[in-house]
$ cat target_20.cif   # mmCIF, C-alpha atoms
data_query
loop_
_atom_site.label_atom_id
_atom_site.label_comp_id
_atom_site.auth_asym_id
_atom_site.auth_seq_id
_atom_site.Cartn_x
_atom_site.Cartn_y
_atom_site.Cartn_z
CA MET A 1 129.97 115.18 81.45
CA ALA A 2 129.48 111.95 79.55
CA ARG A 3 128.16 112.04 75.98
CA GLN A 4 124.42 112.65 75.51
CA LEU A 5 122.13 109.61 75.67
CA TYR A 6 119.22 109.50 73.21
CA TYR A 7 115.83 107.78 73.36
CA GLU A 8 116.79 105.53 70.45
CA ASP A 9 119.88 104.32 72.37
CA VAL A 10 117.86 102.41 74.98
CA GLU A 11 115.55 99.40 74.93
CA VAL A 12 113.77 97.51 77.71
CA GLY A 13 116.57 95.68 79.54
CA THR A 14 119.28 98.22 78.67
CA GLU A 15 121.62 98.72 81.64
CA VAL A 16 122.09 102.10 83.26
CA THR A 17 125.86 102.81 83.34
CA PRO A 18 126.85 101.59 86.86
CA LEU A 19 128.27 104.03 89.42
CA ALA A 20 130.70 102.90 92.15
CA LYS A 21 130.59 104.47 95.62
CA ILE A 22 132.54 103.87 98.81
CA ALA A 23 130.76 104.84 102.01
CA THR A 24 133.27 105.82 104.69
CA THR A 25 132.89 107.15 108.21
CA ARG A 26 134.28 110.39 106.80
CA MET A 27 131.66 110.55 104.05
CA LEU A 28 128.93 109.98 106.65
CA VAL A 29 130.17 112.88 108.75
CA GLN A 30 130.33 115.10 105.67
CA TRP A 31 126.81 114.03 104.72
CA ALA A 32 125.58 114.69 108.27
CA GLY A 33 126.91 118.24 107.90
CA ALA A 34 125.61 118.86 104.37
CA SER A 35 122.24 117.25 104.96
CA GLY A 36 121.60 118.35 108.54
CA ASP A 37 120.86 114.76 109.59
CA ARG A 38 122.75 114.72 112.87
CA ASN A 39 121.24 111.48 114.17
CA PRO A 40 124.07 109.72 116.11
CA LEU A 41 122.83 106.43 114.60
CA HIS A 42 125.13 107.34 111.71
CA TYR A 43 128.34 108.11 113.62
CA ASP A 44 128.17 106.61 117.14
CA ASP A 45 128.41 102.82 117.49
CA ASP A 46 127.15 102.72 121.10
CA PHE A 47 124.13 104.83 120.22
CA ALA A 48 123.45 102.63 117.19
CA LYS A 49 123.59 99.50 119.40
CA ALA A 50 121.10 101.06 121.80
CA GLN A 51 118.80 101.60 118.79
CA GLY A 52 119.01 97.91 117.95
CA VAL A 53 121.50 97.89 115.05
CA SER A 54 124.98 96.38 115.27
CA SER A 55 126.96 99.54 114.50
CA ARG A 56 126.65 102.95 112.82
CA ILE A 57 124.83 102.76 109.49
CA VAL A 58 124.90 104.60 106.17
CA HIS A 59 122.15 107.24 105.87
CA GLY A 60 119.29 106.16 103.64
CA ALA A 61 119.16 109.62 102.08
CA LEU A 62 122.85 109.35 101.16
CA LYS A 63 122.18 106.15 99.21
CA ARG A 64 119.26 107.92 97.56
CA ALA A 65 121.57 110.79 96.60
CA TRP A 66 123.87 108.23 94.94
CA LEU A 67 120.91 106.91 92.93
CA GLY A 68 120.09 110.46 91.85
CA GLN A 69 123.66 110.83 90.60
CA LEU A 70 123.43 107.45 88.82
CA MET A 71 120.44 108.67 86.78
CA ILE A 72 121.61 112.25 86.15
CA ASP A 73 125.04 111.04 84.95
CA TRP A 74 123.36 108.53 82.62
CA ILE A 75 120.72 110.77 81.00
CA GLY A 76 123.11 113.65 80.28
CA GLU A 77 122.31 117.34 80.30
CA GLU A 78 119.51 117.10 77.75
CA GLY A 79 117.72 114.39 79.71
CA GLU A 80 115.34 115.27 82.54
CA LEU A 81 114.68 113.37 85.73
CA ARG A 82 110.92 113.40 86.38
CA LYS A 83 110.53 110.94 89.27
CA LEU A 84 112.91 109.25 91.68
CA SER A 85 111.90 106.93 94.47
CA CYS A 86 113.68 104.59 96.79
CA GLN A 87 113.09 102.28 99.71
CA TYR A 88 115.64 100.98 102.15
CA ARG A 89 115.81 97.20 102.40
CA GLY A 90 119.02 96.62 104.30
CA MET A 91 121.54 98.35 106.50
CA ASP A 92 124.94 99.33 105.13
CA TYR A 93 127.99 99.86 107.30
CA PRO A 94 130.64 102.39 106.24
CA ARG A 95 134.34 101.60 105.88
CA LYS A 96 136.49 103.13 108.61
CA MET A 97 139.32 105.49 107.69
CA LYS A 98 142.94 104.31 107.55
CA THR A 99 144.40 107.77 106.96
CA MET A 100 142.88 111.25 106.74
CA GLU A 101 141.99 110.59 103.11
CA GLU A 102 142.08 106.80 102.57
CA PRO A 103 139.58 104.26 103.85
CA HIS A 104 140.48 100.71 104.93
CA GLU A 105 139.97 97.88 102.46
CA GLY A 106 136.38 96.71 102.35
CA GLU A 107 133.12 96.98 100.52
CA THR A 108 132.45 98.98 97.39
CA TRP A 109 128.83 99.79 96.66
CA TRP A 110 127.49 99.74 93.11
CA CYS A 111 124.55 101.80 91.97
CA LYS A 112 122.89 100.04 89.06
CA GLY A 113 119.74 100.14 86.98
CA LYS A 114 117.85 98.68 84.07
CA VAL A 115 115.25 100.07 81.64
CA THR A 116 111.79 98.61 82.35
CA LYS A 117 109.65 100.63 79.91
CA LYS A 118 109.92 103.27 77.17
CA TYR A 119 107.11 105.26 75.60
CA VAL A 120 106.22 108.51 73.86
CA GLU A 121 103.49 110.70 75.31
CA LYS A 122 102.58 114.19 74.15
CA ASP A 123 105.84 114.42 72.16
CA LYS A 124 107.90 113.61 75.27
CA HIS A 125 110.13 110.53 75.21
CA PHE A 126 109.85 108.74 78.56
CA VAL A 127 112.03 105.96 79.95
CA GLU A 128 111.34 104.09 83.20
CA CYS A 129 114.08 102.30 85.09
CA GLU A 130 114.40 100.12 88.13
CA ILE A 131 117.45 101.16 90.11
CA TRP A 132 119.23 99.85 93.15
CA VAL A 133 122.31 99.96 95.37
CA GLU A 134 124.28 96.72 95.79
CA ASN A 135 126.60 96.10 98.73
CA GLY A 136 129.93 94.25 98.51
CA LYS A 137 128.15 90.88 98.68
CA GLY A 138 125.93 91.78 95.73
CA GLU A 139 122.86 92.24 97.97
CA LYS A 140 120.41 94.98 97.01
CA THR A 141 120.14 97.13 100.12
CA THR A 142 118.26 100.00 98.48
CA LEU A 143 115.65 99.62 95.76
CA GLY A 144 114.19 102.39 93.66
CA ALA A 145 112.65 103.54 90.45
CA ALA A 146 113.19 106.48 88.13
CA LEU A 147 111.22 108.12 85.33
CA VAL A 148 113.22 110.25 82.89
CA THR A 149 112.78 111.94 79.54
CA LEU A 150 115.48 111.64 76.86
CA PRO A 151 115.91 113.68 73.71
CA PRO A 152 115.14 111.86 70.44
CA ARG A 153 117.85 111.73 67.77
CA SER A 154 115.36 112.78 65.12
CA LYS A 155 113.19 115.69 66.18
CA ARG A 156 109.84 115.62 64.42
CA MET B 1 91.04 100.96 117.37
CA THR B 2 91.07 97.50 115.78
CA GLU B 3 92.06 94.53 117.98
CA GLY B 4 95.87 94.35 118.16
CA SER B 5 96.30 97.35 115.86
CA LEU B 6 99.00 99.97 116.48
CA ILE B 7 96.92 102.61 114.70
CA THR B 8 94.96 104.50 117.32
CA ASP B 9 91.78 106.44 116.56
CA GLU B 10 93.79 109.64 117.05
CA LEU B 11 96.27 108.54 114.38
CA ARG B 12 93.44 107.58 112.05
CA LYS B 13 92.02 111.10 112.39
CA LEU B 14 95.34 112.57 111.18
CA ILE B 15 95.09 110.85 107.78
CA GLY B 16 94.42 113.56 105.18
CA ALA B 17 95.14 116.42 107.58
CA ALA B 18 97.73 119.15 107.05
CA ILE B 19 100.53 118.75 109.55
CA GLY B 20 103.38 120.92 110.78
CA GLU B 21 104.12 124.52 109.81
CA PRO B 22 105.03 125.57 106.23
CA ILE B 23 108.82 125.63 105.72
CA THR B 24 110.52 128.34 103.67
CA LEU B 25 113.80 127.39 101.99
CA LYS B 26 116.10 129.85 100.25
CA VAL B 27 118.27 127.76 97.95
CA GLU B 28 121.90 128.84 98.37
CA GLU B 29 124.88 128.15 96.11
CA GLY B 30 127.09 127.03 98.99
CA ALA B 31 124.52 124.53 100.24
CA ILE B 32 124.27 122.95 96.77
CA GLN B 33 128.08 122.74 96.53
CA ARG B 34 128.42 121.16 99.99
CA TYR B 35 125.77 118.58 99.10
CA ALA B 36 127.57 117.65 95.87
CA GLU B 37 130.91 117.46 97.71
CA ALA B 38 129.46 115.21 100.43
CA ILE B 39 128.37 112.59 97.89
CA SER B 40 131.46 113.02 95.66
CA ASP B 41 129.41 114.24 92.69
CA SER B 42 131.51 116.41 90.38
CA ASN B 43 128.64 117.46 88.07
CA PRO B 44 129.56 121.05 87.06
CA LEU B 45 125.90 122.12 87.24
CA TYR B 46 126.16 121.68 91.05
CA ASN B 47 129.75 122.80 91.53
CA ASP B 48 130.87 125.34 88.92
CA VAL B 49 129.00 128.67 89.15
CA GLU B 50 130.42 129.98 85.83
CA TYR B 51 129.60 126.77 83.95
CA ALA B 52 126.08 126.73 85.38
CA ARG B 53 125.52 130.40 84.48
CA LYS B 54 126.26 129.64 80.84
CA SER B 55 123.99 126.54 80.88
CA LYS B 56 120.31 126.59 79.92
CA TYR B 57 119.50 126.88 83.64
CA GLY B 58 121.50 130.08 84.18
CA ARG B 59 122.46 129.13 87.75
CA LEU B 60 123.61 126.22 89.93
CA ILE B 61 120.77 123.69 90.06
CA CYS B 62 119.69 121.41 92.89
CA PRO B 63 120.66 117.73 92.77
CA PRO B 64 117.62 115.45 93.15
CA GLY B 65 117.04 115.00 96.86
CA PHE B 66 118.38 118.41 97.80
CA THR B 67 114.92 119.38 99.02
CA GLY B 68 114.94 116.48 101.49
CA TRP B 69 117.35 116.41 104.38
CA PRO B 70 119.46 119.44 103.38
CA VAL B 71 116.48 121.67 104.17
CA LYS B 72 116.87 120.56 107.77
CA GLY B 73 120.49 121.70 107.80
CA GLN B 74 119.40 125.16 106.75
CA THR B 75 116.01 125.67 108.40
CA GLY B 76 116.06 123.20 111.29
CA ALA B 77 112.96 121.48 109.92
CA LEU B 78 112.67 118.49 107.60
CA PRO B 79 109.85 118.69 105.04
CA GLY B 80 107.49 115.78 105.50
CA ARG B 81 109.38 114.53 108.53
CA SER B 82 109.96 117.31 111.07
CA SER B 83 110.50 116.49 114.75
CA GLU B 84 107.35 118.51 115.36
CA MET B 85 105.48 116.03 113.17
CA SER B 86 107.09 113.02 114.89
CA ASP B 87 105.94 114.44 118.22
CA ILE B 88 102.38 114.74 116.92
CA PHE B 89 102.45 111.11 115.74
CA VAL B 90 103.96 109.84 119.00
CA LYS B 91 101.41 111.83 121.06
CA ALA B 92 98.69 110.22 118.95
CA GLY B 93 100.10 106.79 119.87
CA ALA B 94 102.75 105.94 117.22
CA PRO B 95 105.78 103.87 118.38
CA THR B 96 108.74 106.07 119.33
CA ARG B 97 111.62 104.43 117.43
CA VAL B 98 111.79 105.82 113.90
CA LEU B 99 113.62 104.77 110.73
CA ASP B 100 113.62 106.40 107.31
CA GLY B 101 111.36 104.26 105.12
CA GLY B 102 112.14 105.88 101.80
CA ILE B 103 110.74 108.63 99.68
CA GLU B 104 109.43 109.40 96.20
CA PHE B 105 110.13 112.70 94.45
CA GLU B 106 108.25 114.07 91.48
CA PHE B 107 110.07 116.95 89.77
CA LEU B 108 107.81 119.37 87.91
CA THR B 109 110.30 122.13 87.17
CA THR B 110 114.00 122.78 87.83
CA THR B 111 115.00 124.30 91.16
CA GLY B 112 118.26 126.20 91.51
CA ALA B 113 120.29 128.68 93.52
CA GLY B 114 118.33 131.82 94.41
CA ASP B 115 114.93 130.11 94.30
CA VAL B 116 112.65 130.27 97.33
CA LEU B 117 110.49 127.24 98.04
CA VAL B 118 107.65 127.02 100.54
CA SER B 119 106.69 123.49 101.51
CA THR B 120 103.45 122.28 103.07
CA THR B 121 102.77 118.73 104.20
CA LYS B 122 99.76 116.53 104.79
CA VAL B 123 99.46 112.99 106.14
CA ALA B 124 98.76 110.80 103.09
CA ASP B 125 98.43 107.41 104.78
CA ILE B 126 99.13 105.34 107.90
CA THR B 127 99.45 101.54 107.62
CA GLU B 128 100.97 98.71 109.67
CA ARG B 129 102.47 95.27 109.20
CA GLU B 130 104.64 92.69 110.93
CA THR B 131 108.40 93.09 110.26
CA ARG B 132 111.66 91.78 111.74
CA MET B 133 111.28 94.54 114.31
CA GLY B 134 107.84 93.31 115.36
CA LYS B 135 104.64 95.22 114.77
CA THR B 136 105.64 98.19 112.65
CA MET B 137 103.85 101.33 111.49
CA PHE B 138 104.38 103.14 108.17
CA ILE B 139 103.41 106.82 108.04
CA THR B 140 103.42 108.51 104.60
CA ALA B 141 103.54 112.30 104.39
CA GLU B 142 103.00 114.17 101.13
CA THR B 143 104.77 117.50 100.69
CA SER B 144 104.31 120.12 97.97
CA PHE B 145 107.05 122.69 97.31
CA VAL B 146 105.83 125.94 95.74
CA ASN B 147 108.44 128.28 94.23
CA GLN B 148 108.63 132.09 94.04
CA ASP B 149 106.62 132.03 90.78
CA GLY B 150 103.74 130.30 92.52
CA LYS B 151 104.41 127.01 90.70
CA VAL B 152 104.62 123.59 92.36
CA ALA B 153 108.29 122.83 91.70
CA LEU B 154 108.20 119.32 93.14
CA LYS B 155 106.31 116.95 95.38
CA SER B 156 107.56 114.30 97.74
CA ARG B 157 106.00 111.34 99.51
CA ALA B 158 108.09 110.33 102.52
CA THR B 159 107.52 107.24 104.63
CA SER B 160 108.60 106.95 108.24
CA ILE B 161 108.86 103.55 109.91
CA ASN B 162 107.82 103.60 113.56
CA TYR B 163 108.55 100.54 115.70
#

$ encode --input "target_20.cif" --output "structure tokens"
Amino acid sequence: MARQLYYEDVEVGTEVTPLAKIATTRMLVQWAGASGDRNPLHYDDDFAKAQGVSSRIVHGALKRAWLGQLMIDWIGEEGELRKLSCQYRGMDYPRKMKTMEEPHEGETWWCKGKVTKKYVEKDKHFVECEIWVENGKGEKTTLGAALVTLPPRSKR
Amino acid sequence: MTEGSLITDELRKLIGAAIGEPITLKVEEGAIQRYAEAISDSNPLYNDVEYARKSKYGRLICPPGFTGWPVKGQTGALPGRSSEMSDIFVKAGAPTRVLDGGIEFEFLTTTGAGDVLVSTTKVADITERETRMGKTMFITAETSFVNQDGKVALKSRATSINY
């Protein structure tokens, strides 16, 4: 785990440490198994076309899971995630596999965030962030928000 | 029914009503580990049973979002978005093509391996607006998850997009 982040370490505008992810057809199949979302929209191009999208798409809930990881990694074990929300604004298309393990060249997705507010309430130190997933073109395809608590350096 | 509105009177009546059957989820270690593996998250609190046992949580804990789709993998039903619920909406006149419109989770206490959660869902809101896909309906379902100690462990508000 990364070092612990403290309330005093962040200000409005502070960046959440970015997290890189590569969606692959293999990851989507694994996610379909782990999540139970077996909708062929996420692994069958013909089915996806019949549903009105150009090819199989990345699961929204998978992108949300990435955003959860972004926040949990950032706040450290003494931080607590209180709220996490996200909305899907654009489709993402996974990289196909070149070998059993390696995907073809292509997009890398970046999970990012920024502190929008910090405040103390009932001795708890709260930090609000806007968070998002960017595709390879820098477009935000998933938008979200998170509310966390961080430990203070100086306990009263 | 308002002129040109997708929201039928039957759909309007569902707003505020409990919907679907309660879902019972036993949180299993293996399911947490498979979830973490699927998203390439190496956090030891999700992966390493020994590490997690020695942590303040005393057990593997659930990544945020674990109580969404993974419940379907285990129980066959998705809290706040079961096929049973979709059928009820479609029967009441909602469009049949459905996309995931996002979700908000509020975590009230930690959930981990060995916990048992019972979820119940109600229809929070139904709205509509014009999108790229034409006239589109947004159905928001609010789900509460109560743990074995009788505490609400978390809540979710899930939106489905019907077009």

$ resolve_selection --input "target_20.cif" --expression "the PyMOL selection byres ((chain A) within 6 of (chain B))" --output "ChimeraX atom specification"
/A:30-31,34-36,68,82-87

$ resolve_selection --input "target_20.cif" --expression "the PyMOL selection byres ((chain B and resi 25) around 6)" --output "number ranges by chain"
B: 24, 26, 116-117

$ closest_residue --input "target_20.cif" --among "B:Tyr57, B:Tyr51, B:Tyr163, B:Phe89" --to "Thr8 in chain B" --atoms "only C-alpha atoms"
B:Phe89

$ residues_around --input "target_20.cif" --residues "Lys135 in chain B" --least-positions-apart "3" --cutoff "8 Å" --atoms "all atoms listed in the file" --output "list in words"
Leu6, Glu128, Arg129, Glu130, Thr131 and Tyr163 of chain B

$ resolve_selection --input "target_20.cif" --expression "the PyMOL selection byres ((chain B and resi 18) around 8)" --output "MDAnalysis selection string"
chainID B and resid 16:17 19:20 120:123

$ residues_around --input "target_20.cif" --residues "Ile75 in chain A" --least-positions-apart "3" --cutoff "8 Å" --atoms "only C-alpha atoms" --output "list in words"
Gln4, Leu5, Met71, Ile72, Glu78, Gly79, Glu80, Val148 and Leu150 of chain A

$ atom_distance --input "target_20.cif" --atom1 "CA of Ser86 in chain B" --atom2 "CA of Ile139 in chain B"
9.9 Å

$ closest_residue --input "target_20.cif" --among "B:Ser82, B:Arg59, B:Tyr46, B:Ile7" --to "Phe138 in chain B" --atoms "only C-alpha atoms"
B:Ile7

$ closest_residue --input "target_20.cif" --among "A:Lys118, A:Arg26, A:Lys124, A:His59" --to "Glu8 in chain A" --atoms "all atoms listed in the file"
A:Lys118
